[in-house]
>>> print(open('run_25.txt').read())   # compact mmCIF, C-alpha atoms
# COMPACT_ATOMS: atom_id res chain seq x y z
CA MET A 180 -2.22 -22.02 -5.92
CA GLY A 181 -4.86 -19.80 -7.43
CA SER A 182 -4.39 -16.25 -8.50
CA VAL A 183 -4.72 -13.58 -5.80
CA GLU A 184 -6.55 -10.33 -6.50
CA ILE A 185 -4.16 -7.58 -5.36
CA PRO A 186 -5.63 -4.27 -4.09
CA THR A 187 -4.49 -1.07 -5.77
CA LYS A 188 -3.53 2.37 -4.54
CA VAL A 189 -4.49 5.46 -6.53
CA LEU A 190 -1.56 7.69 -7.46
CA THR A 191 -3.36 10.92 -6.63
CA ASN A 192 -0.67 13.15 -8.16
CA THR A 193 -1.35 11.71 -11.65
CA SER A 194 -3.90 13.40 -13.89
CA SER A 195 -5.37 10.01 -14.86
CA GLN A 196 -5.55 8.83 -11.21
CA LEU A 197 -3.46 5.82 -12.18
CA LYS A 198 -3.87 2.73 -9.99
CA MET A 199 -0.79 0.94 -8.68
CA PRO A 200 -1.02 -2.62 -7.29
CA VAL A 201 0.04 -2.36 -3.64
CA VAL A 202 2.45 -5.27 -3.86
CA GLY A 203 4.95 -5.56 -6.68
CA MET A 204 7.76 -7.89 -7.49
CA GLY A 205 11.14 -6.30 -6.88
CA SER A 206 14.15 -7.18 -8.95
CA ALA A 207 17.56 -6.12 -7.81
CA PRO A 208 21.10 -6.67 -9.00
CA ASP A 209 21.60 -9.98 -7.17
CA PHE A 210 19.97 -11.66 -10.14
CA THR A 211 20.57 -15.28 -10.82
CA CYS A 212 20.61 -16.35 -14.46
CA LYS A 213 18.18 -14.83 -16.97
CA LYS A 214 16.19 -18.04 -17.37
CA ASP A 215 15.46 -18.26 -13.62
CA THR A 216 14.38 -14.64 -13.65
CA LYS A 217 12.08 -15.22 -16.59
CA ASP A 218 10.53 -18.33 -15.04
CA ALA A 219 10.01 -16.49 -11.74
CA ILE A 220 8.23 -13.59 -13.46
CA ILE A 221 5.93 -15.89 -15.43
CA GLU A 222 5.14 -17.74 -12.18
CA ALA A 223 4.48 -14.41 -10.43
CA ILE A 224 2.00 -13.41 -13.14
CA LYS A 225 0.21 -16.74 -12.75
CA GLN A 226 -0.06 -16.06 -9.00
CA GLY A 227 -1.57 -12.61 -9.53
CA TYR A 228 1.41 -10.23 -9.54
CA ARG A 229 0.91 -7.34 -11.99
CA HIS A 230 3.37 -4.76 -10.69
CA PHE A 231 7.06 -5.25 -11.58
CA ASP A 232 9.85 -3.01 -10.33
CA THR A 233 13.19 -2.70 -12.12
CA ALA A 234 15.89 -0.10 -12.85
CA ALA A 235 18.47 0.66 -15.51
CA ALA A 236 21.17 -0.01 -12.89
CA TYR A 237 19.87 -3.47 -11.98
CA GLY A 238 20.68 -5.15 -15.27
CA SER A 239 17.29 -6.88 -15.03
CA GLU A 240 15.32 -4.87 -17.59
CA GLN A 241 16.07 -7.25 -20.45
CA ALA A 242 15.00 -10.43 -18.64
CA LEU A 243 11.89 -8.69 -17.29
CA GLY A 244 10.99 -7.43 -20.75
CA GLU A 245 11.36 -10.88 -22.28
CA ALA A 246 9.23 -12.46 -19.55
CA LEU A 247 6.46 -9.87 -19.87
CA LYS A 248 6.45 -10.26 -23.64
CA GLU A 249 6.14 -14.03 -23.27
CA ALA A 250 3.35 -13.68 -20.68
CA ILE A 251 1.42 -11.40 -23.05
CA GLU A 252 1.95 -13.80 -25.97
CA LEU A 253 0.74 -16.70 -23.80
CA GLY A 254 -2.43 -14.71 -23.10
CA LEU A 255 -1.79 -14.62 -19.32
CA VAL A 256 -2.07 -10.81 -19.25
CA THR A 257 -2.39 -7.79 -21.50
CA ARG A 258 0.00 -4.83 -21.32
CA GLN A 259 -2.85 -2.79 -19.79
CA ASP A 260 -3.01 -5.26 -16.87
CA LEU A 261 0.62 -4.65 -15.98
CA PHE A 262 2.28 -1.92 -13.95
CA VAL A 263 5.97 -1.57 -14.82
CA THR A 264 8.40 0.74 -12.99
CA SER A 265 11.97 1.56 -13.96
CA LYS A 266 14.50 4.10 -12.71
CA LEU A 267 16.92 6.70 -14.01
CA TRP A 268 20.50 6.02 -12.86
CA VAL A 269 22.78 8.74 -11.46
CA THR A 270 24.98 8.81 -14.59
CA GLU A 271 21.92 9.93 -16.60
CA ASN A 272 20.53 12.19 -13.88
CA HIS A 273 21.13 15.28 -16.05
CA PRO A 274 18.45 17.30 -17.90
CA HIS A 275 19.61 16.36 -21.42
CA LEU A 276 20.02 12.64 -20.64
CA VAL A 277 16.65 11.83 -19.04
CA ILE A 278 14.64 11.26 -22.25
CA PRO A 279 17.37 9.18 -23.95
CA ALA A 280 17.70 7.06 -20.77
CA LEU A 281 13.94 6.55 -20.60
CA GLN A 282 13.86 5.57 -24.29
CA LYS A 283 16.74 3.15 -23.73
CA SER A 284 14.91 1.49 -20.81
CA LEU A 285 11.80 1.13 -22.97
CA LYS A 286 13.82 -0.44 -25.76
CA THR A 287 15.50 -2.89 -23.35
CA LEU A 288 12.13 -3.77 -21.78
CA GLN A 289 10.52 -4.02 -25.26
CA LEU A 290 7.72 -1.71 -24.09
CA ASP A 291 6.07 1.35 -25.64
CA TYR A 292 5.57 3.05 -22.29
CA LEU A 293 6.32 2.67 -18.57
CA ASP A 294 3.68 3.06 -15.88
CA LEU A 295 6.15 4.77 -13.58
CA TYR A 296 9.63 6.25 -14.05
CA LEU A 297 11.66 7.23 -10.98
CA ILE A 298 14.80 9.26 -10.32
CA HIS A 299 16.82 6.50 -8.59
CA TRP A 300 18.82 8.73 -6.18
CA PRO A 301 18.95 12.50 -5.52
CA LEU A 302 22.50 12.43 -6.92
CA SER A 303 24.15 13.03 -10.30
CA SER A 304 27.47 11.63 -11.44
CA GLN A 305 29.78 11.65 -14.48
CA PRO A 306 27.80 10.55 -17.55
CA GLY A 307 28.85 7.20 -18.96
CA LYS A 308 30.91 6.14 -15.95
CA PHE A 309 28.97 3.30 -14.33
CA THR A 310 30.46 2.06 -11.07
CA PHE A 311 28.81 0.73 -7.97
CA PRO A 312 29.27 1.94 -5.34
CA ILE A 313 29.51 5.40 -6.89
CA ASP A 314 32.88 7.06 -6.38
CA VAL A 315 32.29 10.36 -4.55
CA ALA A 316 34.89 11.97 -6.87
CA ASP A 317 32.51 11.34 -9.80
CA LEU A 318 29.57 13.21 -8.24
CA LEU A 319 28.31 16.37 -9.97
CA PRO A 320 25.75 18.97 -8.84
CA PHE A 321 22.21 17.59 -9.18
CA ASP A 322 20.08 20.01 -11.23
CA VAL A 323 16.77 19.02 -9.69
CA LYS A 324 14.76 21.64 -11.60
CA GLY A 325 16.22 20.76 -15.01
CA VAL A 326 15.99 17.00 -14.46
CA TRP A 327 12.40 17.22 -13.23
CA GLU A 328 11.41 19.30 -16.27
CA SER A 329 12.79 16.48 -18.43
CA MET A 330 10.86 13.91 -16.36
CA GLU A 331 7.69 15.98 -16.93
CA GLU A 332 8.55 16.02 -20.65
CA GLY A 333 8.73 12.20 -20.65
CA LEU A 334 5.23 12.20 -19.20
CA LYS A 335 3.94 14.63 -21.86
CA LEU A 336 5.50 12.50 -24.61
CA GLY A 337 3.60 9.46 -23.32
CA LEU A 338 6.79 7.53 -22.57
CA THR A 339 5.59 7.00 -19.00
CA LYS A 340 2.20 7.34 -17.26
CA ALA A 341 3.62 8.62 -13.98
CA ILE A 342 6.85 10.10 -12.66
CA GLY A 343 8.40 9.98 -9.23
CA VAL A 344 11.53 9.64 -7.17
CA SER A 345 13.42 7.16 -5.03
CA ASN A 346 15.54 7.61 -1.89
CA PHE A 347 14.37 11.23 -1.41
CA SER A 348 14.30 12.56 2.15
CA VAL A 349 11.82 15.21 3.32
CA LYS A 350 14.32 18.00 2.54
CA LYS A 351 15.05 16.61 -0.91
CA LEU A 352 11.30 16.37 -1.58
CA GLU A 353 10.76 19.96 -0.38
CA ASN A 354 13.42 21.10 -2.86
CA LEU A 355 11.72 19.20 -5.65
CA LEU A 356 8.20 20.40 -4.78
CA SER A 357 9.41 24.00 -4.87
CA VAL A 358 10.33 23.66 -8.59
CA ALA A 359 7.90 21.00 -9.84
CA THR A 360 4.92 21.74 -12.09
CA ILE A 361 3.71 18.14 -11.87
CA LEU A 362 4.13 16.62 -8.40
CA PRO A 363 5.95 13.29 -7.97
CA ALA A 364 3.47 10.42 -7.79
CA VAL A 365 5.71 8.08 -5.79
CA ASN A 366 8.78 8.06 -3.53
CA GLN A 367 10.39 4.61 -3.27
CA VAL A 368 12.52 4.27 -0.16
CA GLU A 369 13.83 1.75 2.31
CA MET A 370 11.00 1.03 4.71
CA ASN A 371 10.45 -1.92 7.02
CA LEU A 372 9.56 -2.61 10.63
CA ALA A 373 13.03 -1.59 11.79
CA TRP A 374 13.03 1.56 9.63
CA GLN A 375 9.46 2.82 9.70
CA GLN A 376 10.02 6.26 8.12
CA LYS A 377 7.31 7.96 10.19
CA LYS A 378 8.31 11.56 9.38
CA LEU A 379 8.67 10.82 5.68
CA ARG A 380 5.31 9.02 5.63
CA GLU A 381 3.58 12.03 7.16
CA PHE A 382 5.17 14.39 4.64
CA CYS A 383 4.31 12.18 1.67
CA ASN A 384 0.70 11.73 2.84
CA ALA A 385 0.31 15.49 3.16
CA ASN A 386 1.55 15.95 -0.42
CA GLY A 387 -0.29 13.12 -2.15
CA ILE A 388 2.93 11.15 -2.70
CA VAL A 389 2.53 7.37 -2.47
CA LEU A 390 5.39 5.59 -0.71
CA THR A 391 6.81 2.34 -2.05
CA ALA A 392 8.94 0.31 0.36
CA PHE A 393 12.02 -1.50 -0.88
CA SER A 394 13.73 -4.01 1.44
CA PRO A 395 10.31 -4.40 3.13
CA LEU A 396 11.62 -7.51 4.92
CA ARG A 397 14.93 -5.82 5.69
CA LYS A 398 16.80 -8.13 3.38
CA GLY A 399 19.21 -7.02 0.71
CA ALA A 400 22.27 -6.39 2.83
CA SER A 401 24.51 -8.87 4.58
CA ARG A 402 25.17 -6.68 7.61
CA GLY A 403 24.61 -8.54 10.85
CA PRO A 404 21.37 -10.09 12.04
CA ASN A 405 18.07 -9.25 10.37
CA GLU A 406 16.26 -7.11 12.97
CA VAL A 407 12.92 -7.93 11.41
CA MET A 408 13.04 -11.56 10.35
CA GLU A 409 14.86 -12.65 13.53
CA ASN A 410 12.79 -10.60 15.98
CA ASP A 411 11.27 -12.76 18.76
CA MET A 412 8.41 -10.38 19.45
CA LEU A 413 7.46 -10.47 15.75
CA LYS A 414 7.67 -14.26 15.81
CA GLU A 415 5.15 -14.24 18.68
CA ILE A 416 2.78 -11.95 16.75
CA ALA A 417 3.18 -14.18 13.69
CA ASP A 418 2.43 -17.35 15.70
CA ALA A 419 -0.67 -15.75 17.21
CA HIS A 420 -2.04 -15.08 13.70
CA GLY A 421 -0.81 -18.35 12.21
CA LYS A 422 1.30 -16.31 9.77
CA SER A 423 4.99 -15.81 8.99
CA VAL A 424 7.09 -12.85 10.15
CA ALA A 425 7.30 -11.78 6.49
CA GLN A 426 3.50 -11.70 6.27
CA ILE A 427 3.25 -9.65 9.50
CA SER A 428 5.79 -7.19 8.06
CA LEU A 429 3.97 -6.77 4.76
CA ARG A 430 0.57 -6.57 6.42
CA TRP A 431 1.90 -3.75 8.64
CA LEU A 432 3.09 -1.85 5.54
CA TYR A 433 -0.30 -2.39 3.88
CA GLU A 434 -2.09 -1.03 6.95
CA GLN A 435 0.13 2.08 6.81
CA GLY A 436 -1.19 2.73 3.29
CA VAL A 437 2.15 2.17 1.57
CA THR A 438 3.02 -0.05 -1.38
CA PHE A 439 5.94 -2.48 -1.36
CA VAL A 440 8.19 -4.50 -3.64
CA PRO A 441 9.59 -7.60 -1.93
CA LYS A 442 12.10 -9.66 -3.93
CA SER A 443 11.51 -13.36 -3.91
CA TYR A 444 11.94 -15.91 -6.66
CA ASP A 445 10.73 -18.74 -4.47
CA LYS A 446 7.29 -19.95 -5.57
CA GLU A 447 5.99 -20.51 -2.01
CA ARG A 448 7.30 -17.22 -0.64
CA MET A 449 6.00 -15.28 -3.65
CA ASN A 450 2.58 -16.69 -2.82
CA GLN A 451 2.91 -16.03 0.93
CA ASN A 452 3.70 -12.39 0.18
CA LEU A 453 0.27 -12.09 -1.45
CA CYS A 454 -1.69 -13.80 1.33
CA ILE A 455 -1.95 -10.72 3.53
CA PHE A 456 -5.25 -9.16 2.52
CA ASP A 457 -7.90 -11.16 4.37
CA TRP A 458 -6.83 -10.64 8.01
CA SER A 459 -5.52 -7.74 10.13
CA LEU A 460 -3.16 -6.81 12.91
CA THR A 461 -4.60 -5.87 16.29
CA LYS A 462 -4.16 -2.61 18.17
CA GLU A 463 -1.79 -4.47 20.54
CA ASP A 464 0.27 -5.71 17.57
CA HIS A 465 0.66 -2.13 16.37
CA GLU A 466 1.69 -0.94 19.83
CA LYS A 467 4.40 -3.63 20.00
CA ILE A 468 5.61 -2.88 16.47
CA ASP A 469 5.91 0.82 17.39
CA GLN A 470 8.51 -0.19 20.01
CA ILE A 471 10.98 -1.78 17.56
CA LYS A 472 14.39 -0.13 17.65
CA GLN A 473 14.87 1.93 14.48
CA ASN A 474 17.92 2.16 12.29
CA ARG A 475 18.60 2.51 8.59
CA LEU A 476 19.87 -0.55 6.72
CA ILE A 477 20.97 0.97 3.41
CA PRO A 478 23.58 3.69 4.02
CA GLY A 479 23.57 5.04 0.45
CA PRO A 480 25.16 4.23 -2.90
CA THR A 481 28.44 6.15 -2.58
CA LYS A 482 31.91 5.30 -1.41
CA PRO A 483 32.68 6.84 1.00
CA GLY A 484 29.24 7.80 2.32
CA ILE A 485 28.07 11.43 2.13
CA ASN A 486 26.68 13.40 5.03
CA ASP A 487 23.77 15.22 3.45
CA LEU A 488 22.17 12.34 1.54
CA TYR A 489 19.46 11.84 4.17
CA ASP A 490 18.09 14.34 6.67
CA ASP A 491 19.29 12.31 9.64
>>> encode(input="run_25.txt", output="structure tokens")
Amino acid sequence: MGSVEIPTKVLTNTSSQLKMPVVGMGSAPDFTCKKDTKDAIIEAIKQGYRHFDTAAAYGSEQALGEALKEAIELGLVTRQDLFVTSKLWVTENHPHLVIPALQKSLKTLQLDYLDLYLIHWPLSSQPGKFTFPIDVADLLPFDVKGVWESMEEGLKLGLTKAIGVSNFSVKKLENLLSVATILPAVNQVEMNLAWQQKKLREFCNANGIVLTAFSPLRKGASRGPNEVMENDMLKEIADAHGKSVAQISLRWLYEQGVTFVPKSYDKERMNQNLCIFDWSLTKEDHEKIDQIKQNRLIPGPTKPGINDLYDD
């Protein structure tokens, strides 16, 4: 398997017009052992992956940092070739804790700077009390203005090249835009063929915010059948193109102008996820995909759920 050249998307809300590879490698808490993670990341780099997505809450920063360091030492890539994203957890989602949290992530990743730092959820909770799911009793008011000022400060200090958010609805983004000096470059949200986020996409496009899709193949939760991977109509489209349902899903996201971070540590599937740039979906494919029944997969990180997390 040769290395695939991955297209990039310009983050228009950054002063440097930073380029983000459209497909990244996601890493979430269901990590196997550190060695497997490290091997998978080195393999991904050999295949052409340059964009790696992690978070303080995932417990994967250390393994990712070690793998990237090794890849650089092996001469596979330079730091400048890479695009590394991490996220601020809800326990640190307070104005005075943002910079220390960002510095801690950098230390764990063994990096001097991040390419992108995101507010993980539009929620704040008791500092120092890490539980997942988050106990609703631990939630505190989210000072969006104060936190965003600290995010902007991280940018000015050169600790990150871009700042953004994750899991923000249109209303939450409107709140943020009303107080922001520097606009968020990215909003990372659940997006897949069975949760297409049309309204959010329109809002983000209008405001120069690039969307990144997590769970782009609707995996990552063990609730019932997978409405994307087990969809007969999508299987037919895939067969017609000689592709897999996963490739149809990622190609659709690419054609919507969004970026995405699938999680796969399987060598073949990692490669398949990159083989989506030299063919396209037809108008008929798009019309069929528009008909897929829509519902959200990820209800939110709290127990019990809260009503005003999303606009729906």
>>> closest_residue(input="run_25.txt", among="A:Ile388, A:Met204, A:Leu372, A:Gly436", to="A:Lys467", atoms="all atoms listed in the file")
A:Leu372
>>> residues_around(input="run_25.txt", residues="A:Asp294", least_positions_apart="3", cutoff="10 Å", atoms="only C-alpha atoms", output="list of chain:residue names")
A:Leu197, A:Lys198, A:Met199, A:His230, A:Phe231, A:Gln259, A:Leu261, A:Phe262, A:Val263, A:Thr264, A:Ser265, A:Leu334, A:Gly337, A:Leu338, A:Thr339, A:Lys340, A:Ala341, A:Ile342
>>> closest_residue(input="run_25.txt", among="A:Lys266, A:Lys188, A:His420, A:Lys248", to="A:Leu295", atoms="only C-alpha atoms")
A:Lys266
>>> residues_around(input="run_25.txt", residues="stretch 269-282 of chain A", least_positions_apart="5", cutoff="6 Å", atoms="only C-alpha atoms", output="ChimeraX atom specification")
/A:302-306,325-326,329
>>> atom_distance(input="run_25.txt", atom1="atom CA of A:Ser345", atom2="atom CA of A:Phe393")
9.7 Å
>>> residues_around(input="run_25.txt", residues="A:Ile468", least_positions_apart="3", cutoff="8 Å", atoms="only C-alpha atoms", output="ChimeraX atom specification")
/A:372,413,464-465,471
>>> atom_distance(input="run_25.txt", atom1="atom CA of A:Lys217", atom2="atom CA of A:Ala234")
16.0 Å
>>> closest_residue(input="run_25.txt", among="A:Val349, A:Val323, A:Leu255, A:Lys283", to="A:Asp487", atoms="all atoms listed in the file")
A:Val349
>>> residues_around(input="run_25.txt", residues="A:Asp215", least_positions_apart="3", cutoff="12 Å", atoms="all atoms listed in the file", output="PyMOL selection string")
chain A and resi 210-212+218-222+239+242-243+246+443-446
>>> axis_aligned_box(input="run_25.txt", around="stretch 385-391 of chain A", padding_each_side="5 Å", output="AutoDock Vina command-line options")
--center_x 3.3 --center_y 9.1 --center_z 0.2 --size_x 17.1 --size_y 23.6 --size_z 15.9
>>> residues_around(input="run_25.txt", residues="stretch 355-360 of chain A", least_positions_apart="5", cutoff="10 Å", atoms="only C-alpha atoms", output="mmCIF file with C-alpha atoms, in the coordinates of the input")
data_model
loop_
_atom_site.group_PDB
_atom_site.id
_atom_site.type_symbol
_atom_site.label_atom_id
_atom_site.label_comp_id
_atom_site.auth_asym_id
_atom_site.auth_seq_id
_atom_site.Cartn_x
_atom_site.Cartn_y
_atom_site.Cartn_z
ATOM 1 C CA PRO A 301 18.950 12.500 -5.520
ATOM 2 C CA VAL A 323 16.770 19.020 -9.690
ATOM 3 C CA LYS A 324 14.760 21.640 -11.600
ATOM 4 C CA GLY A 325 16.220 20.760 -15.010
ATOM 5 C CA TRP A 327 12.400 17.220 -13.230
ATOM 6 C CA GLU A 328 11.410 19.300 -16.270
ATOM 7 C CA GLU A 331 7.690 15.980 -16.930
ATOM 8 C CA VAL A 344 11.530 9.640 -7.170
ATOM 9 C CA PHE A 347 14.370 11.230 -1.410
ATOM 10 C CA VAL A 349 11.820 15.210 3.320
ATOM 11 C CA LYS A 350 14.320 18.000 2.540
ATOM 12 C CA ASN A 386 1.550 15.950 -0.420
#
>>> atom_distance(input="run_25.txt", atom1="atom CA of A:Asp314", atom2="atom CA of A:Thr481")
5.9 Å
>>> build_atoms(input="run_25.txt", residues="stretch 356-367 of chain A", atoms="all heavy atoms", output="compact mmCIF listing (two decimals), in the coordinates of the input")
# COMPACT_ATOMS: atom_id res chain seq x y z
N LEU A 356 9.56 19.83 -4.71
CA LEU A 356 8.20 20.40 -4.78
C LEU A 356 8.24 21.91 -5.06
O LEU A 356 7.31 22.44 -5.66
CB LEU A 356 7.42 20.12 -3.49
CG LEU A 356 7.13 18.64 -3.18
CD1 LEU A 356 6.26 18.51 -1.94
CD2 LEU A 356 6.47 17.91 -4.34
N SER A 357 9.33 22.56 -4.65
CA SER A 357 9.41 24.00 -4.87
C SER A 357 9.63 24.35 -6.35
O SER A 357 9.40 25.48 -6.76
CB SER A 357 10.52 24.61 -4.01
OG SER A 357 11.79 24.20 -4.50
N VAL A 358 10.08 23.37 -7.16
CA VAL A 358 10.33 23.66 -8.59
C VAL A 358 9.44 22.85 -9.53
O VAL A 358 9.46 23.07 -10.74
CB VAL A 358 11.82 23.39 -8.96
CG1 VAL A 358 12.74 24.31 -8.16
CG2 VAL A 358 12.21 21.94 -8.75
N ALA A 359 8.67 21.91 -8.99
CA ALA A 359 7.90 21.00 -9.84
C ALA A 359 6.59 21.62 -10.32
O ALA A 359 5.91 22.30 -9.55
CB ALA A 359 7.60 19.71 -9.08
N THR A 360 6.25 21.39 -11.59
CA THR A 360 4.92 21.74 -12.09
C THR A 360 3.99 20.57 -11.82
O THR A 360 2.88 20.73 -11.33
CB THR A 360 4.97 22.01 -13.61
OG1 THR A 360 6.01 22.96 -13.86
CG2 THR A 360 3.65 22.56 -14.12
N ILE A 361 4.47 19.36 -12.14
CA ILE A 361 3.71 18.14 -11.87
C ILE A 361 4.36 17.49 -10.65
O ILE A 361 5.58 17.30 -10.61
CB ILE A 361 3.77 17.18 -13.09
CG1 ILE A 361 3.10 17.85 -14.30
CG2 ILE A 361 3.10 15.85 -12.77
CD1 ILE A 361 3.42 17.19 -15.63
N LEU A 362 3.57 17.17 -9.64
CA LEU A 362 4.13 16.62 -8.40
C LEU A 362 4.54 15.16 -8.61
O LEU A 362 3.93 14.44 -9.40
CB LEU A 362 3.09 16.70 -7.27
CG LEU A 362 2.65 18.11 -6.87
CD1 LEU A 362 1.63 18.04 -5.75
CD2 LEU A 362 3.85 18.96 -6.45
N PRO A 363 5.58 14.71 -7.88
CA PRO A 363 5.95 13.29 -7.97
C PRO A 363 4.81 12.41 -7.46
O PRO A 363 4.19 12.73 -6.44
CB PRO A 363 7.19 13.19 -7.07
CG PRO A 363 7.12 14.36 -6.15
CD PRO A 363 6.41 15.44 -6.91
N ALA A 364 4.56 11.31 -8.17
CA ALA A 364 3.47 10.42 -7.79
C ALA A 364 3.91 9.47 -6.68
O ALA A 364 3.10 9.04 -5.86
CB ALA A 364 3.01 9.62 -9.01
N VAL A 365 5.20 9.14 -6.68
CA VAL A 365 5.71 8.08 -5.79
C VAL A 365 7.10 8.47 -5.27
O VAL A 365 7.86 9.14 -5.95
CB VAL A 365 5.82 6.74 -6.59
CG1 VAL A 365 6.64 5.69 -5.85
CG2 VAL A 365 4.43 6.19 -6.91
N ASN A 366 7.41 8.02 -4.06
CA ASN A 366 8.78 8.06 -3.53
C ASN A 366 9.07 6.65 -3.04
O ASN A 366 8.42 6.16 -2.12
CB ASN A 366 8.89 9.07 -2.39
CG ASN A 366 10.32 9.22 -1.85
OD1 ASN A 366 11.29 8.85 -2.51
ND2 ASN A 366 10.45 9.78 -0.65
N GLN A 367 10.03 5.98 -3.68
CA GLN A 367 10.39 4.61 -3.27
C GLN A 367 11.61 4.67 -2.36
O GLN A 367 12.66 5.18 -2.76
CB GLN A 367 10.68 3.74 -4.50
CG GLN A 367 10.99 2.30 -4.10
CD GLN A 367 11.24 1.36 -5.26
OE1 GLN A 367 12.24 0.63 -5.26
NE2 GLN A 367 10.37 1.35 -6.24
